[in-house]
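What follows is the content of query_20.tsv, which has TSV, C-alpha atoms:
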```tsv
chain	number	residue	atom	x	y	z
A	4	MET	CA	0.00	0.00	0.00
A	5	ASP	CA	1.35	3.39	-0.98
A	6	VAL	CA	0.94	6.19	1.54
A	7	SER	CA	1.38	9.69	0.25
A	8	ARG	CA	2.38	12.78	2.22
A	9	ARG	CA	-1.15	14.00	1.74
A	10	ASP	CA	-2.52	10.86	3.44
A	11	VAL	CA	-0.14	11.39	6.38
A	12	VAL	CA	-1.13	15.07	6.71
A	13	VAL	CA	-4.83	14.22	6.60
A	14	ALA	CA	-4.43	11.42	9.16
A	15	GLY	CA	-2.34	13.67	11.43
A	16	SER	CA	-4.84	16.49	11.20
A	17	PHE	CA	-7.65	14.12	12.04
A	18	ALA	CA	-5.75	12.72	15.04
A	19	LEU	CA	-4.95	16.19	16.38
A	20	GLY	CA	-8.54	17.35	15.88
A	21	ALA	CA	-9.95	14.30	17.62
A	22	SER	CA	-7.61	14.68	20.59
A	23	GLY	CA	-8.53	18.36	20.80
A	24	LEU	CA	-12.21	17.46	20.91
A	25	LEU	CA	-11.59	14.90	23.63
A	26	LEU	CA	-9.57	17.35	25.70
A	27	SER	CA	-12.13	20.14	25.28
A	28	GLY	CA	-14.87	17.71	26.30
A	29	PHE	CA	-12.86	16.76	29.40
A	30	ALA	CA	-12.24	20.43	30.26
A	31	SER	CA	-15.93	21.17	29.82
A	32	ALA	CA	-16.92	18.26	32.08
A	33	GLN	CA	-14.35	19.44	34.65
A	34	ALA	CA	-15.78	22.97	34.56
A	35	ASN	CA	-19.32	21.60	34.91
A	36	ASP	CA	-18.29	19.53	37.94
A	37	GLU	CA	-16.56	22.54	39.55
A	38	ALA	CA	-19.71	24.61	39.06
A	39	ALA	CA	-21.84	21.80	40.53
A	40	VAL	CA	-19.58	21.52	43.59
A	41	LYS	CA	-19.72	25.30	44.10
A	42	GLU	CA	-23.49	25.07	43.91
A	43	SER	CA	-23.49	22.28	46.51
A	44	VAL	CA	-21.27	24.38	48.79
A	45	GLU	CA	-23.80	27.21	48.46
A	46	VAL	CA	-26.68	24.83	49.28
A	47	LEU	CA	-24.74	23.78	52.39
A	48	ARG	CA	-24.08	27.42	53.39
A	49	LYS	CA	-27.76	28.34	53.08
A	50	ALA	CA	-28.83	25.18	54.93
A	51	LEU	CA	-26.45	25.99	57.80
A	52	PHE	CA	-27.65	29.61	57.91
A	53	GLU	CA	-31.35	28.73	57.78
A	54	ALA	CA	-31.08	25.51	59.85
A	55	ASP	CA	-32.78	23.65	56.98
A	56	LYS	CA	-32.76	20.00	58.00
A	57	ALA	CA	-33.97	18.70	54.61
A	58	LYS	CA	-31.16	20.50	52.74
A	59	LEU	CA	-28.56	19.34	55.28
A	60	GLU	CA	-29.77	15.77	54.79
A	61	GLN	CA	-29.59	16.28	51.02
A	62	VAL	CA	-25.97	17.50	50.83
A	63	ALA	CA	-24.38	15.47	53.64
A	64	SER	CA	-23.09	12.00	52.87
A	65	ALA	CA	-24.19	9.19	55.21
A	66	GLN	CA	-20.49	8.66	55.99
A	67	ILE	CA	-19.70	12.33	56.74
A	68	SER	CA	-16.94	13.24	59.15
A	69	TYR	CA	-17.70	16.81	60.24
A	70	GLY	CA	-14.77	18.34	62.11
A	71	HIS	CA	-14.94	21.58	64.08
A	72	SER	CA	-12.06	23.98	64.73
A	73	ASP	CA	-12.11	23.01	68.43
A	74	GLY	CA	-11.33	19.38	67.57
A	75	ARG	CA	-14.82	17.87	67.84
A	76	VAL	CA	-15.75	15.44	65.09
A	77	GLU	CA	-19.38	14.59	64.37
A	78	THR	CA	-21.33	11.98	62.44
A	79	LYS	CA	-24.14	12.99	60.10
A	80	GLU	CA	-26.76	12.65	62.85
A	81	GLN	CA	-24.67	14.67	65.34
A	82	PHE	CA	-23.85	17.35	62.77
A	83	ILE	CA	-27.47	17.90	61.73
A	84	ASN	CA	-28.74	17.72	65.31
A	85	GLY	CA	-26.14	20.34	66.32
A	86	VAL	CA	-27.37	22.75	63.64
A	87	MET	CA	-31.02	22.16	64.49
A	88	THR	CA	-30.58	22.66	68.26
A	89	ARG	CA	-28.01	25.48	68.31
A	90	LYS	CA	-28.71	28.19	70.84
A	91	GLN	CA	-27.20	31.17	69.04
A	92	THR	CA	-29.01	33.12	66.34
A	93	VAL	CA	-26.94	33.27	63.17
A	94	LYS	CA	-27.23	36.78	61.70
A	95	SER	CA	-25.03	36.19	58.64
A	96	LEU	CA	-22.93	33.41	57.14
A	97	ALA	CA	-20.53	33.74	54.23
A	98	PHE	CA	-17.93	31.46	52.62
A	99	PRO	CA	-15.48	33.94	51.04
A	100	GLU	CA	-12.34	32.88	49.16
A	101	LEU	CA	-13.97	29.67	47.90
A	102	LYS	CA	-11.61	27.54	45.82
A	103	VAL	CA	-12.68	24.20	44.32
A	104	ALA	CA	-10.58	21.48	42.71
A	105	VAL	CA	-12.22	18.41	41.16
A	106	VAL	CA	-10.33	15.12	40.82
A	107	GLY	CA	-12.46	12.39	39.27
A	108	ASN	CA	-15.46	11.77	41.52
A	109	ALA	CA	-13.96	13.75	44.41
A	110	ALA	CA	-13.58	17.45	45.02
A	111	ILE	CA	-11.77	19.63	47.52
A	112	ALA	CA	-13.28	22.95	48.56
A	113	ARG	CA	-11.44	25.47	50.72
A	114	HIS	CA	-12.93	28.69	52.05
A	115	ILE	CA	-13.20	31.03	54.99
A	116	TYR	CA	-16.17	30.41	57.30
A	117	LEU	CA	-17.33	33.88	58.34
A	118	ALA	CA	-20.36	34.16	60.63
A	119	GLU	CA	-22.01	36.82	62.74
A	120	SER	CA	-24.19	35.45	65.51
A	121	GLU	CA	-25.88	36.45	68.76
A	122	LEU	CA	-26.34	34.53	72.00
A	123	GLU	CA	-28.09	36.07	74.99
A	124	GLY	CA	-27.58	39.58	73.59
A	125	LYS	CA	-23.85	39.07	72.96
A	126	GLN	CA	-22.59	39.50	69.38
A	127	THR	CA	-19.96	37.04	68.15
A	128	THR	CA	-17.90	36.90	64.97
A	129	THR	CA	-16.51	33.55	63.85
A	130	ARG	CA	-13.75	33.54	61.25
A	131	ILE	CA	-12.09	30.19	60.63
A	132	GLY	CA	-10.76	28.23	57.68
A	133	ALA	CA	-12.65	25.27	56.30
A	134	LEU	CA	-11.62	22.32	54.18
A	135	GLN	CA	-14.38	20.25	52.63
A	136	VAL	CA	-14.14	16.97	50.74
A	137	TRP	CA	-17.03	16.25	48.37
A	138	GLN	CA	-17.76	12.98	46.57
A	139	LYS	CA	-20.04	12.37	43.62
A	140	GLN	CA	-22.57	9.79	44.82
A	141	ASP	CA	-25.39	8.66	42.54
A	142	GLY	CA	-24.87	11.71	40.33
A	143	ALA	CA	-24.98	14.27	43.17
A	144	TRP	CA	-22.14	15.94	45.09
A	145	LYS	CA	-22.24	14.97	48.78
A	146	LEU	CA	-20.16	16.40	51.62
A	147	LEU	CA	-17.97	13.51	52.78
A	148	ALA	CA	-15.68	15.38	55.18
A	149	ARG	CA	-15.27	18.86	56.60
A	150	GLN	CA	-12.60	20.24	58.89
A	151	GLY	CA	-12.65	23.69	60.41
A	152	PHE	CA	-9.35	25.18	61.58
A	153	ARG	CA	-8.10	28.31	63.27
A	154	LEU	CA	-6.54	30.84	60.96
A	155	PRO	CA	-3.20	32.46	61.80
A	156	ALA	CA	-3.60	35.77	63.62
```
Show me the file's structure as structure tokens.
Amino acid sequence: MDVSRRDVVVAGSFALGASGLLLSGFASAQANDEAAVKESVEVLRKALFEADKAKLEQVASAQISYGHSDGRVETKEQFINGVMTRKQTVKSLAFPELKVAVVGNAAIARHIYLAESELEGKQTTTRIGALQVWQKQDGAWKLLARQGFRLPA
């Protein structure tokens, strides 16, 4: 079989084009997953702020390990019960500096946890770091682990 330069150029162009399509499809899927994780983080933030049990149930994995900055670690039941029975009134809750990285069916989200709350007339500001690990389970992003930590002064 004779192969001309033209055949080689056409085959090479096709191979490069096909790999470009595959890579752009992967990048698009990655961007879609990052957006979906950010949306799940926002659902979590609103659920924490509003003490919305149904939304907390929705975004938390059954296997969640929810770590607080004081060292406490809670199961899903303990985490949700803690939100639902908290004594302070949360006035505002923000997650600034959110950064998300997706790796396969897992994602890492880092942000600042910034809250204004009131307990017995006393105003409190909470500013800590938070690391979240999300996992895609049955097509939805679920919070698998969270660890709060003190930020340097």
(request) Could you check which of A:Asn108, A:Asn35, A:Gln91, A:Gln126 is closest to Gln138 of chain A, using all atoms listed in the file? (result) A:Asn108
(message) When you count only C-alpha atoms, which of these residues is closest to Gln33 of chain A: A:Gly107, A:Gly70, A:Gly85, A:Pro99?
(response) A:Gly107
(message) List the spatial neighbours of Ala38 of chain A as an MDAnalysis selection string - criterion: any atom at most 12 Å away, all atoms listed in the file, same-chain residues fewer than 4 positions off excluded.
(response) chainID A and resid 31:34 42:45 101:105 110 112 144
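Between atom CA of Ala156 of chain A and atom CA of Ala133 of chain A the separation is 15.7 Å.
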(request) Just give me the gap between atom CA of Asp141 of chain A and atom CA of Leu51 of chain A in Å, one decimal is fine. (result)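 One can read the atom CA of Asp141 of chain A to atom CA of Leu51 of chain A distance as 23.1 Å.
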(request) For atom CA of Tyr116 of chain A and atom CA of Gln140 of chain A, quote the distance in Å rounded to one decimal. (result)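 Atom CA of Tyr116 of chain A sits 24.9 Å away from atom CA of Gln140 of chain A.
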(message) Using all atoms listed in the file for the distances, tell me which of A:Val136, A:Val76, A:Ala65, A:Ile131 is nearest to Phe152 of chain A.
(response)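 That would be A:Ile131, the residue with the smallest distance to Phe152 of chain A.
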Could you give me segment 96-116 of chain A completed to N, CA and C atoms, formatted as a PDB file, keeping the file's coordinate frame?
```pdb
ATOM      1  N   LEU A  96     -23.890  34.489  57.376  1.00  0.00           N
ATOM      2  CA  LEU A  96     -22.930  33.410  57.140  1.00  0.00           C
ATOM      3  C   LEU A  96     -22.436  33.513  55.711  1.00  0.00           C
ATOM      4  N   ALA A  97     -21.129  33.628  55.560  1.00  0.00           N
ATOM      5  CA  ALA A  97     -20.530  33.740  54.230  1.00  0.00           C
ATOM      6  C   ALA A  97     -19.355  32.766  54.137  1.00  0.00           C
ATOM      7  N   PHE A  98     -19.074  32.327  52.911  1.00  0.00           N
ATOM      8  CA  PHE A  98     -17.930  31.460  52.620  1.00  0.00           C
ATOM      9  C   PHE A  98     -17.023  32.159  51.605  1.00  0.00           C
ATOM     10  N   PRO A  99     -16.356  33.252  52.006  1.00  0.00           N
ATOM     11  CA  PRO A  99     -15.480  33.940  51.040  1.00  0.00           C
ATOM     12  C   PRO A  99     -14.243  33.108  50.708  1.00  0.00           C
ATOM     13  N   GLU A 100     -13.586  33.513  49.632  1.00  0.00           N
ATOM     14  CA  GLU A 100     -12.340  32.880  49.160  1.00  0.00           C
ATOM     15  C   GLU A 100     -12.526  31.404  48.815  1.00  0.00           C
ATOM     16  N   LEU A 101     -13.684  31.055  48.272  1.00  0.00           N
ATOM     17  CA  LEU A 101     -13.970  29.670  47.900  1.00  0.00           C
ATOM     18  C   LEU A 101     -13.113  29.255  46.713  1.00  0.00           C
ATOM     19  N   LYS A 102     -12.409  28.141  46.890  1.00  0.00           N
ATOM     20  CA  LYS A 102     -11.610  27.540  45.820  1.00  0.00           C
ATOM     21  C   LYS A 102     -11.999  26.068  45.745  1.00  0.00           C
ATOM     22  N   VAL A 103     -12.253  25.591  44.521  1.00  0.00           N
ATOM     23  CA  VAL A 103     -12.680  24.200  44.320  1.00  0.00           C
ATOM     24  C   VAL A 103     -11.752  23.531  43.320  1.00  0.00           C
ATOM     25  N   ALA A 104     -11.368  22.304  43.626  1.00  0.00           N
ATOM     26  CA  ALA A 104     -10.580  21.480  42.710  1.00  0.00           C
ATOM     27  C   ALA A 104     -11.262  20.114  42.617  1.00  0.00           C
ATOM     28  N   VAL A 105     -11.563  19.691  41.396  1.00  0.00           N
ATOM     29  CA  VAL A 105     -12.220  18.410  41.160  1.00  0.00           C
ATOM     30  C   VAL A 105     -11.190  17.408  40.657  1.00  0.00           C
ATOM     31  N   VAL A 106     -11.209  16.211  41.248  1.00  0.00           N
ATOM     32  CA  VAL A 106     -10.330  15.120  40.820  1.00  0.00           C
ATOM     33  C   VAL A 106     -11.198  13.875  40.705  1.00  0.00           C
ATOM     34  N   GLY A 107     -11.588  13.551  39.475  1.00  0.00           N
ATOM     35  CA  GLY A 107     -12.460  12.390  39.270  1.00  0.00           C
ATOM     36  C   GLY A 107     -13.801  12.596  39.935  1.00  0.00           C
ATOM     37  N   ASN A 108     -14.166  11.658  40.828  1.00  0.00           N
ATOM     38  CA  ASN A 108     -15.460  11.770  41.520  1.00  0.00           C
ATOM     39  C   ASN A 108     -15.310  12.386  42.908  1.00  0.00           C
ATOM     40  N   ALA A 109     -14.194  13.068  43.135  1.00  0.00           N
ATOM     41  CA  ALA A 109     -13.960  13.750  44.410  1.00  0.00           C
ATOM     42  C   ALA A 109     -13.632  15.214  44.143  1.00  0.00           C
ATOM     43  N   ALA A 110     -13.885  16.025  45.144  1.00  0.00           N
ATOM     44  CA  ALA A 110     -13.580  17.450  45.020  1.00  0.00           C
ATOM     45  C   ALA A 110     -13.137  17.984  46.372  1.00  0.00           C
ATOM     46  N   ILE A 111     -12.244  18.945  46.321  1.00  0.00           N
ATOM     47  CA  ILE A 111     -11.770  19.630  47.520  1.00  0.00           C
ATOM     48  C   ILE A 111     -12.235  21.070  47.425  1.00  0.00           C
ATOM     49  N   ALA A 112     -12.865  21.543  48.483  1.00  0.00           N
ATOM     50  CA  ALA A 112     -13.280  22.950  48.560  1.00  0.00           C
ATOM     51  C   ALA A 112     -12.635  23.563  49.790  1.00  0.00           C
ATOM     52  N   ARG A 113     -12.026  24.727  49.604  1.00  0.00           N
ATOM     53  CA  ARG A 113     -11.440  25.470  50.720  1.00  0.00           C
ATOM     54  C   ARG A 113     -12.076  26.848  50.736  1.00  0.00           C
ATOM     55  N   HIS A 114     -12.346  27.353  51.934  1.00  0.00           N
ATOM     56  CA  HIS A 114     -12.930  28.690  52.050  1.00  0.00           C
ATOM     57  C   HIS A 114     -12.761  29.195  53.479  1.00  0.00           C
ATOM     58  N   ILE A 115     -13.106  30.449  53.659  1.00  0.00           N
ATOM     59  CA  ILE A 115     -13.200  31.030  54.990  1.00  0.00           C
ATOM     60  C   ILE A 115     -14.651  30.850  55.443  1.00  0.00           C
ATOM     61  N   TYR A 116     -14.831  30.500  56.692  1.00  0.00           N
ATOM     62  CA  TYR A 116     -16.170  30.410  57.300  1.00  0.00           C
ATOM     63  C   TYR A 116     -16.311  31.671  58.130  1.00  0.00           C
TER      64      TYR A 116
END
```
